[in-house]
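Read through the structure below, which is laid out as structure tokens, and then see the notes.
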Amino acid sequence: MSHERQGATPARWGADLQTSLFAKGRAGRRAMTMPAWHGDAVDTALPAGALRAAPADLPSLSEPEVLRHYTLLSNLNHHIERGLYPLGSCTMKYNPRLNEKVAALSGFASLHPEQDEADLQGLLCALKLLQDALCEITGFAACSLQPAAGAHGEYLGMQVIRAHHLDRGDTGRNEVLIPDSAHGTNPASVVLTGMQPRTLKSGPDGRLDLDALRAAVGPQTAGIMITNPNTLGLFESDIVEVARIVHAAGGLLYMDGANLNAILGKAKPALMGFDVVHMNLHKTFSTPHGGGGPGAGPICVTDELARFLPAPIIREREGVYSLDACAGECRPSVHAYQGNTGVCLRALTYILRLGGDGLTRVSERAVLNANYLRKRLEGLLTVQHADGTLHEFIATGADWKEKFGVRTLDIAKRMLDYGIHAPTIYFPLIVDEAIMVEPTETESKETLDRFVEVVAAIRAEAERDPDLLRTAPHTTPVSRLDEAAAARRPDLGWLGPCNCG
Amino acid sequence: MVASDRKYTKDHEWVLAEGEIATVGVTEYAAHELGDVVFLELPEVGTVVGQGETVGTIETVKSVEDLFSPVGGEVVAVNEAVLDAPETVNQDPLEAGWLYKVRIGDRSELDELLTADDYDALIGG
Amino acid sequence: MPYTPHTAADIREMLDVLGLASVDDLFRTLPAAVRPQAGLDLPSSLSEEEVWRVMSNLAALNAGQDELASFLGGGVYDAAIPAAVDAVVSRSEFLTAYTPYQPEVSQGTLQVIYEWQTFVERLTGLPVANASMYDGSTALVEGIRMALGRTGRGAVVVPAALNPRHRRVLETNLASEGVKISTVAVAPDGTTDPAALRAALDGETGAVVIQNPNYLGLIEPVDALAAAARDAGALVVASVNPVSLSRLKTPAEYGAAVATGEAQPFGVPCGWGGPLLGFLSCSDDLKRLIPGRVVGRTVDHDGREGYVLTLQTREQHIRREKATSNICSNQGLNMTRGTVYLALLGAEGLRELGEANRVRCEALRAILRGIDGVQLPFAGPVFNEFVVRLPRPAREFRAFARGQGILAGIPLDGFAGCGAGDLLVAVTERRTADEIERYGSVLRDFLEQ
């Protein structure tokens, strides 16, 4: 099992680094050609003053060269179909292939956003089904699919909360409370809506501290942003009381639904007292992460807040769907069109496939997997705030640092040698040397058992030869990269010669 | 033991006053704790800064810290060499890695700073 | 249950390890008040075949640009997508990977981003680009934020002929931040008058938006507009159709500090407007204000060249409330589409793509000029999109043409001085000579009925 470091470097993951596309090919080679023009000749000249001085310097390659380049590049990536990807908070579950097949249907993919409703009846029906399902899952009355990502949903949610206060003439509410365990997007989203974040210190058990909350709320409170379960994987058990306190002070409650995958069918944000929630369709609802996107971050809100959601609204009457532009109303817009529709269709496909009962099983098994793994890791990694963790848990490498002189980063890097993607590290910020593990429900018991064996093997290596960890990974296409050099003298684009001469 | 020819702040900056000019930098302790410095934002020459004011930032790969001016006055020089090669701050924080110089406005502000002994105690030396 | 491997025996063994009787014990910290009484009121699980039937039936109820001849544009265009693009992005290695947080096992994604940055830099002429934005509208907003951040000023001037959908997003975003937005009216020729722009600028103006071509399809007097901005100490934020950069002056050439736009025509399906592919590039001195992910080239401990996420201190996960933007995930897979598309397109392909759009656009304009009562109200040069003025309501023609299998354009009634007869028409390389002729004959039929 263990990869002993013996003399020569082990085989490099079966993959070679690729030279830049911009150093490949040769002038004159072609992949794409344009459809021929069979009409009359026309004058296509443009005024000289409107033209660029020289054509853009693009490489010239044949189609096989391009395919080989990107296939070889793809071999350098870890991905879900290759192995465990237990990034805490990111929910790297299996992405069903059916989702992709559905989204690629020409009847969806070839629609232009400026087409008439009559051409969109199937699409609007699908999107309405998704909105209704998300409302049922969260317990809310209205849904906007417009946000293109979780942080984008946070931003729209904050705009909705701000609009609610301003609409009531309550102009003094400018502060949003955020626990210190929150994702960095939360404070950033608040600031961009012109409000100010105020940090709430977590209690010793990793949950919200009610006394700190009571002391913090006031006439300046626009709302509070809570991730529930929080980033430690803990359910905020006092959430109903939290909601009472914030509402009594005149504020609203925003739920960051990044961890909604832990509580499907088990708890509803509306019942907890929230007013707005965003969901990450690319986490909870299995749409692919795509190397960084596109995701989707729809929000659901209470009936009272529905009028602050973006237009148009999908309406249905006797089986006919229409788009209501809400003329004359002042509504926000955060995307040129209606958001990442293709991602929404994937999520609907997933919801239909699983059904209500299946979604509940998703959370049960995600939580079971995380708890099983947490329990099996006892003695290998110290788990923080272990009581009642749900779909993910936070361990700390602090004792490894003390005993073996290796840091969490070193443990993470060594995992890569075993074909496992490292968990999230150094987040949340309130835990020293944090390792945040989220196995998800799509991993088998055998995979989890192997993860435990790998951690045990790495711990033995740390004891015996800590340098093996400090210099890891050893079997990946590249070893640790010089990030300081990259940031000091940024090289952000290929300046080398191009082949097109 | 830290260098005794200069004064310090609890934010791990040093000040070396020579005549009416004070040179400012970060301490060896700070340079070590921060890790690889990758970027600095420093005040422009001619800026008048007050004691304790934020005058710039010091960045590593994954952190950003504010720089506070230990003493008030007019900025008269900025170390262009560290802007071009921020690693100088790690390599030689007390000499080549100086950050900027100010013409001291009020010398009594220097009395409020930590002595080398105070600073040594602060960092547990 | 789909997609999970758990057998009853697995579950029992795992619960035994935990010393629990049932899975529900794991949820003991959830108070009764927050738990739904009767589970989720959603239909039961379906087989893959059943879901496929539901979804493909819904898709069949739509009529898209594969079956209708589309002359719709306005920021999203019916562009051809090579099969090789779909092949690359359906690879799990790109599809199911996450943001490249562990660079040692993410060199594929990182190098693709670096190549995308290079493509955007070469198209726009500006030396720094990021890994993508949600769409052209949010890219524009972020570009304006950069310009205001750099100048320390609080006002932006935008042309009236700015994409109205972008304008709405800009208003939502900038109004709550207290940014003043002023508008320069459209001149009678449909472009933005540099003198009018000068008059709208003052010492508070930190950003001037130039959309080229503008929403009416017209090529703007970019040099004069940019000079006016420069004289007022404001930075130019350009919003450009990247296909037009096959021919048109680059944002760098007219001195823009930031270039933004919608790169959907580079291999991304229209998909009812999402997911799209916003791009953003900037001058070197703004690189530490750029939002989102940026990839840099460096070396590993053994001296091998490799790629990493860099300049991360700008980002929300480090700078939190002081971050330049809240963006976290972007449009990664569509950025991969764009990169593969441009690799396939190549230097010669880019030139031909521009020419293919130009030929078809001018061919339709020539036909429309020959129809009695129809006008092309603006005389200036266009790239692949233009306004046609009909003697009857454009909405009526749009409905009539739809009946003939043509998506005729976007009615402009009320936009920037346009009337009920004005229609925005786009012509891409996918339109055939037959379809373009048919557009003319359908319009004749409409006017004669």
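To be explicit about the labels: the chains of the structure tokens are called A, B, and onward in the order shown, and within each one the residues are counted from 1, while ligands get numbers from 1 in the order they are shown.
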inquiry  = Which of range 58-279 of chain C end up as strand (DSSP E) when DSSP is run on this backbone - answer as an NGL selection string?
reply    = :C and (69-70 or 128-129 or 155-159 or 180-184 or 205-212 or 235-240 or 258-262 or 278-279)
Just to be explicit: take each residue in the selection above, keep N, CA, C and O atoms, and write the result as a compact mmCIF listing (two decimals), in the first residue's frame.
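This went into selection-v1.txt:
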# COMPACT_ATOMS: atom_id res chain seq x y z
N ALA C 69 -34.60 29.14 -38.76
CA ALA C 69 -33.49 29.96 -39.23
C ALA C 69 -33.41 31.21 -38.35
O ALA C 69 -34.30 32.05 -38.37
N SER C 70 -32.36 31.29 -37.54
CA SER C 70 -32.31 32.34 -36.53
C SER C 70 -31.52 33.56 -36.98
O SER C 70 -30.37 33.46 -37.39
N VAL C 128 -3.50 40.94 -19.52
CA VAL C 128 -3.91 40.13 -18.37
C VAL C 128 -5.36 39.72 -18.54
O VAL C 128 -6.20 40.56 -18.87
N ALA C 129 -5.67 38.44 -18.33
CA ALA C 129 -7.06 37.99 -18.43
C ALA C 129 -7.33 37.01 -17.31
O ALA C 129 -6.40 36.43 -16.74
N ALA C 155 -18.39 57.55 -10.31
CA ALA C 155 -19.42 57.67 -11.35
C ALA C 155 -18.98 56.97 -12.62
O ALA C 155 -17.80 56.93 -12.95
N VAL C 156 -19.95 56.45 -13.34
CA VAL C 156 -19.68 55.79 -14.61
C VAL C 156 -20.60 56.40 -15.67
O VAL C 156 -21.75 56.74 -15.38
N VAL C 157 -20.07 56.56 -16.86
CA VAL C 157 -20.88 57.06 -17.98
C VAL C 157 -21.04 55.93 -18.98
O VAL C 157 -20.05 55.30 -19.38
N VAL C 158 -22.30 55.66 -19.35
CA VAL C 158 -22.55 54.57 -20.29
C VAL C 158 -23.29 55.12 -21.51
O VAL C 158 -24.01 56.12 -21.40
N PRO C 159 -23.12 54.49 -22.67
CA PRO C 159 -23.85 54.94 -23.85
C PRO C 159 -25.30 54.46 -23.79
O PRO C 159 -25.58 53.40 -23.22
N LYS C 180 -22.85 56.49 -9.29
CA LYS C 180 -23.74 57.30 -10.15
C LYS C 180 -23.57 56.83 -11.60
O LYS C 180 -22.46 56.72 -12.10
N ILE C 181 -24.70 56.56 -12.24
CA ILE C 181 -24.67 56.10 -13.63
C ILE C 181 -25.28 57.20 -14.50
O ILE C 181 -26.43 57.60 -14.29
N SER C 182 -24.53 57.74 -15.46
CA SER C 182 -25.13 58.68 -16.41
C SER C 182 -25.06 58.11 -17.81
O SER C 182 -24.21 57.27 -18.10
N THR C 183 -25.97 58.59 -18.63
CA THR C 183 -26.12 58.03 -19.97
C THR C 183 -25.86 59.09 -21.03
O THR C 183 -26.34 60.21 -20.90
N VAL C 184 -25.11 58.71 -22.05
CA VAL C 184 -24.93 59.59 -23.21
C VAL C 184 -25.94 59.17 -24.27
O VAL C 184 -25.95 58.00 -24.68
N THR C 205 -16.15 61.14 -12.80
CA THR C 205 -16.28 60.01 -13.71
C THR C 205 -15.02 59.14 -13.67
O THR C 205 -13.96 59.58 -14.10
N GLY C 206 -15.15 57.93 -13.18
CA GLY C 206 -14.01 57.04 -13.11
C GLY C 206 -13.98 56.04 -14.24
O GLY C 206 -12.94 55.51 -14.60
N ALA C 207 -15.16 55.76 -14.83
CA ALA C 207 -15.25 54.75 -15.87
C ALA C 207 -16.16 55.22 -16.99
O ALA C 207 -17.20 55.83 -16.74
N VAL C 208 -15.73 54.94 -18.23
CA VAL C 208 -16.57 55.19 -19.40
C VAL C 208 -16.73 53.86 -20.13
O VAL C 208 -15.73 53.20 -20.44
N VAL C 209 -17.98 53.48 -20.36
CA VAL C 209 -18.23 52.22 -21.06
C VAL C 209 -18.35 52.49 -22.55
O VAL C 209 -19.06 53.41 -22.97
N ILE C 210 -17.62 51.68 -23.33
CA ILE C 210 -17.78 51.71 -24.78
C ILE C 210 -18.20 50.31 -25.21
O ILE C 210 -17.48 49.34 -24.94
N GLN C 211 -19.38 50.20 -25.80
CA GLN C 211 -19.77 48.91 -26.37
C GLN C 211 -19.54 48.97 -27.87
O GLN C 211 -20.09 49.81 -28.56
N ASN C 212 -18.73 48.03 -28.36
CA ASN C 212 -18.39 48.04 -29.80
C ASN C 212 -18.44 46.62 -30.37
O ASN C 212 -17.72 45.75 -29.89
N LEU C 235 -11.19 55.87 -16.92
CA LEU C 235 -10.71 54.68 -17.63
C LEU C 235 -11.81 54.12 -18.51
O LEU C 235 -12.99 54.18 -18.17
N VAL C 236 -11.40 53.59 -19.67
CA VAL C 236 -12.37 53.01 -20.59
C VAL C 236 -12.56 51.53 -20.28
O VAL C 236 -11.60 50.77 -20.15
N VAL C 237 -13.84 51.14 -20.12
CA VAL C 237 -14.20 49.73 -19.96
C VAL C 237 -14.95 49.34 -21.22
O VAL C 237 -16.04 49.86 -21.48
N ALA C 238 -14.35 48.46 -22.01
CA ALA C 238 -14.96 48.09 -23.28
C ALA C 238 -15.82 46.84 -23.12
O ALA C 238 -15.50 45.96 -22.31
N SER C 239 -16.92 46.80 -23.86
CA SER C 239 -17.74 45.60 -23.94
C SER C 239 -17.81 45.25 -25.42
O SER C 239 -18.31 46.03 -26.23
N VAL C 240 -17.23 44.10 -25.78
CA VAL C 240 -17.07 43.80 -27.21
C VAL C 240 -17.60 42.42 -27.56
O VAL C 240 -17.58 41.50 -26.75
N VAL C 258 -9.90 48.05 -19.52
CA VAL C 258 -10.53 46.75 -19.28
C VAL C 258 -11.34 46.39 -20.53
O VAL C 258 -12.02 47.26 -21.09
N ALA C 259 -11.25 45.13 -20.93
CA ALA C 259 -12.11 44.64 -22.01
C ALA C 259 -12.98 43.52 -21.45
O ALA C 259 -12.49 42.66 -20.72
N THR C 260 -14.27 43.57 -21.76
CA THR C 260 -15.20 42.54 -21.30
C THR C 260 -16.07 42.11 -22.47
O THR C 260 -16.07 42.78 -23.52
N GLY C 261 -16.81 41.05 -22.28
CA GLY C 261 -17.75 40.66 -23.32
C GLY C 261 -18.28 39.27 -23.10
O GLY C 261 -17.98 38.62 -22.10
N GLU C 262 -19.07 38.84 -24.07
CA GLU C 262 -19.72 37.55 -24.01
C GLU C 262 -19.12 36.67 -25.10
O GLU C 262 -19.28 36.97 -26.29
N GLY C 278 -18.64 34.76 -19.91
CA GLY C 278 -18.13 36.13 -19.83
C GLY C 278 -16.62 36.11 -19.83
O GLY C 278 -16.01 35.20 -19.29
N PHE C 279 -16.03 37.10 -20.48
CA PHE C 279 -14.56 37.20 -20.42
C PHE C 279 -14.16 38.58 -19.95
O PHE C 279 -14.94 39.54 -20.03
inquiry  = List the spatial neighbours of range 386-400 of chain C as a ChimeraX atom specification - criterion: any atom at most 7 Å away, only C-alpha atoms, same-chain residues fewer than 6 positions off excluded.
reply    = /C:216-218,373-377,407-409,411,420-426,446
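Comparing C:Pro2, C:Gly306, C:Gly255, C:Gly178 by their smallest distance to Gly358 in chain A, the closest is C:Pro2 (using only C-alpha atoms).
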task = Provide as number ranges by chain the residues of chain A at most 6 Å from chain B, counting only C-alpha atoms.
result = A: 484, 487-488
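Comparing the minimum interatomic distances between Ala270 in chain A and each of C:Ala33, C:Ala59, C:Ala401, C:Ile436, counting only C-alpha atoms, we find that C:Ala33 sits nearest.
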task = Taking only C-alpha atoms into account, report as a PyMOL selection string which residues of chain C lie within 8 Å of chain B.
result = chain C and resi 310-313+318-319
query = Neighbours of range 430-434 of chain A within 9 Å (only C-alpha atoms; same-chain residues fewer than 3 positions away dropped), as a PyMOL selection string?
reply = chain A and resi 180-181+202+384+394-398+401+407-409+424-427
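Near Ile314 in chain A, within a cut-off of 9 Å and counting only C-alpha atoms, sit the residues A:Leu124, A:Cys125, A:Leu127, A:Lys128, A:Tyr321, A:Ser322, A:Leu323, A:Asp324, with same-chain residues fewer than 6 positions away left out.
If you count only C-alpha atoms and ignore residues fewer than 3 places along the chain from Ser176 in chain C, what sits within 9 Å of it is A:Gln159, A:Arg162, A:Leu192, A:Thr193, A:Gly194, A:Met195, C:Glu171, C:Thr172, C:Asn173, C:Val179.
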Please write the residues from the selection above to a file, keeping all heavy atoms, as a PDB file, in the first residue's frame.
ATOM      1  N   GLN A 159     -29.468  41.437  -1.960  1.00  0.00           N
ATOM      2  CA  GLN A 159     -30.221  42.510  -2.628  1.00  0.00           C
ATOM      3  C   GLN A 159     -31.707  42.445  -2.243  1.00  0.00           C
ATOM      4  O   GLN A 159     -32.355  43.473  -2.049  1.00  0.00           O
ATOM      5  CB  GLN A 159     -30.083  42.401  -4.155  1.00  0.00           C
ATOM      6  CG  GLN A 159     -28.724  42.822  -4.704  1.00  0.00           C
ATOM      7  CD  GLN A 159     -28.525  44.335  -4.726  1.00  0.00           C
ATOM      8  OE1 GLN A 159     -29.322  45.085  -4.179  1.00  0.00           O
ATOM      9  NE2 GLN A 159     -27.426  44.767  -5.330  1.00  0.00           N
ATOM     10  N   ARG A 162     -32.088  43.725   1.290  1.00  0.00           N
ATOM     11  CA  ARG A 162     -31.919  45.180   1.293  1.00  0.00           C
ATOM     12  C   ARG A 162     -33.185  45.861   0.740  1.00  0.00           C
ATOM     13  O   ARG A 162     -33.679  46.839   1.304  1.00  0.00           O
ATOM     14  CB  ARG A 162     -30.706  45.526   0.428  1.00  0.00           C
ATOM     15  CG  ARG A 162     -30.322  46.963   0.395  1.00  0.00           C
ATOM     16  CD  ARG A 162     -29.003  47.149  -0.357  1.00  0.00           C
ATOM     17  NE  ARG A 162     -28.740  48.561  -0.571  1.00  0.00           N
ATOM     18  CZ  ARG A 162     -29.194  49.234  -1.626  1.00  0.00           C
ATOM     19  NH1 ARG A 162     -29.900  48.634  -2.543  1.00  0.00           N
ATOM     20  NH2 ARG A 162     -28.932  50.525  -1.739  1.00  0.00           N
ATOM     21  N   LEU A 192     -20.673  44.006  -1.395  1.00  0.00           N
ATOM     22  CA  LEU A 192     -21.023  44.429  -2.754  1.00  0.00           C
ATOM     23  C   LEU A 192     -22.445  44.953  -2.865  1.00  0.00           C
ATOM     24  O   LEU A 192     -22.790  45.601  -3.839  1.00  0.00           O
ATOM     25  CB  LEU A 192     -20.809  43.267  -3.734  1.00  0.00           C
ATOM     26  CG  LEU A 192     -19.338  42.909  -3.969  1.00  0.00           C
ATOM     27  CD1 LEU A 192     -19.233  41.694  -4.867  1.00  0.00           C
ATOM     28  CD2 LEU A 192     -18.565  44.081  -4.557  1.00  0.00           C
ATOM     29  N   THR A 193     -23.298  44.649  -1.862  1.00  0.00           N
ATOM     30  CA  THR A 193     -24.642  45.234  -1.895  1.00  0.00           C
ATOM     31  C   THR A 193     -24.669  46.543  -1.125  1.00  0.00           C
ATOM     32  O   THR A 193     -25.732  47.099  -0.889  1.00  0.00           O
ATOM     33  CB  THR A 193     -25.680  44.273  -1.288  1.00  0.00           C
ATOM     34  OG1 THR A 193     -25.217  43.837  -0.011  1.00  0.00           O
ATOM     35  CG2 THR A 193     -25.910  43.093  -2.181  1.00  0.00           C
ATOM     36  N   GLY A 194     -23.506  47.019  -0.715  1.00  0.00           N
ATOM     37  CA  GLY A 194     -23.447  48.302  -0.022  1.00  0.00           C
ATOM     38  C   GLY A 194     -23.729  48.196   1.466  1.00  0.00           C
ATOM     39  O   GLY A 194     -23.883  49.211   2.145  1.00  0.00           O
ATOM     40  N   MET A 195     -23.788  46.968   1.996  1.00  0.00           N
ATOM     41  CA  MET A 195     -24.000  46.799   3.440  1.00  0.00           C
ATOM     42  C   MET A 195     -22.685  46.378   4.090  1.00  0.00           C
ATOM     43  O   MET A 195     -21.691  46.129   3.417  1.00  0.00           O
ATOM     44  CB  MET A 195     -25.105  45.771   3.690  1.00  0.00           C
ATOM     45  CG  MET A 195     -26.456  46.209   3.091  1.00  0.00           C
ATOM     46  SD  MET A 195     -27.871  45.225   3.624  1.00  0.00           S
ATOM     47  CE  MET A 195     -27.651  43.735   2.669  1.00  0.00           C
TER      48      MET A 195
ATOM     49  N   GLU C 171     -27.290  48.367 -13.331  1.00  0.00           N
ATOM     50  CA  GLU C 171     -28.046  49.207 -12.399  1.00  0.00           C
ATOM     51  C   GLU C 171     -28.252  48.505 -11.063  1.00  0.00           C
ATOM     52  O   GLU C 171     -28.082  49.094 -10.003  1.00  0.00           O
ATOM     53  CB  GLU C 171     -29.391  49.607 -13.021  1.00  0.00           C
ATOM     54  CG  GLU C 171     -29.228  50.716 -14.049  1.00  0.00           C
ATOM     55  CD  GLU C 171     -30.483  50.966 -14.866  1.00  0.00           C
ATOM     56  OE1 GLU C 171     -31.482  50.240 -14.690  1.00  0.00           O
ATOM     57  OE2 GLU C 171     -30.445  51.884 -15.700  1.00  0.00           O
ATOM     58  N   THR C 172     -28.645  47.229 -11.111  1.00  0.00           N
ATOM     59  CA  THR C 172     -28.841  46.489  -9.859  1.00  0.00           C
ATOM     60  C   THR C 172     -27.561  46.510  -9.036  1.00  0.00           C
ATOM     61  O   THR C 172     -27.582  46.752  -7.829  1.00  0.00           O
ATOM     62  CB  THR C 172     -29.217  45.023 -10.161  1.00  0.00           C
ATOM     63  OG1 THR C 172     -30.500  44.990 -10.772  1.00  0.00           O
ATOM     64  CG2 THR C 172     -29.241  44.182  -8.879  1.00  0.00           C
ATOM     65  N   ASN C 173     -26.440  46.261  -9.712  1.00  0.00           N
ATOM     66  CA  ASN C 173     -25.183  46.134  -8.986  1.00  0.00           C
ATOM     67  C   ASN C 173     -24.645  47.463  -8.489  1.00  0.00           C
ATOM     68  O   ASN C 173     -24.211  47.554  -7.342  1.00  0.00           O
ATOM     69  CB  ASN C 173     -24.123  45.475  -9.886  1.00  0.00           C
ATOM     70  CG  ASN C 173     -24.241  43.967  -9.896  1.00  0.00           C
ATOM     71  OD1 ASN C 173     -23.615  43.292  -9.086  1.00  0.00           O
ATOM     72  ND2 ASN C 173     -25.078  43.438 -10.779  1.00  0.00           N
ATOM     73  N   VAL C 179     -22.920  54.059  -6.768  1.00  0.00           N
ATOM     74  CA  VAL C 179     -22.252  54.566  -7.967  1.00  0.00           C
ATOM     75  C   VAL C 179     -23.272  55.331  -8.816  1.00  0.00           C
ATOM     76  O   VAL C 179     -24.392  54.877  -9.028  1.00  0.00           O
ATOM     77  CB  VAL C 179     -21.651  53.405  -8.791  1.00  0.00           C
ATOM     78  CG1 VAL C 179     -21.091  53.908 -10.114  1.00  0.00           C
ATOM     79  CG2 VAL C 179     -20.589  52.688  -7.973  1.00  0.00           C
TER      80      VAL C 179
END
remark   = Of A:Ala215, A:Leu260, A:Leu84, A:Ile137, the one nearest to chain C when counting only C-alpha atoms is A:Ile137
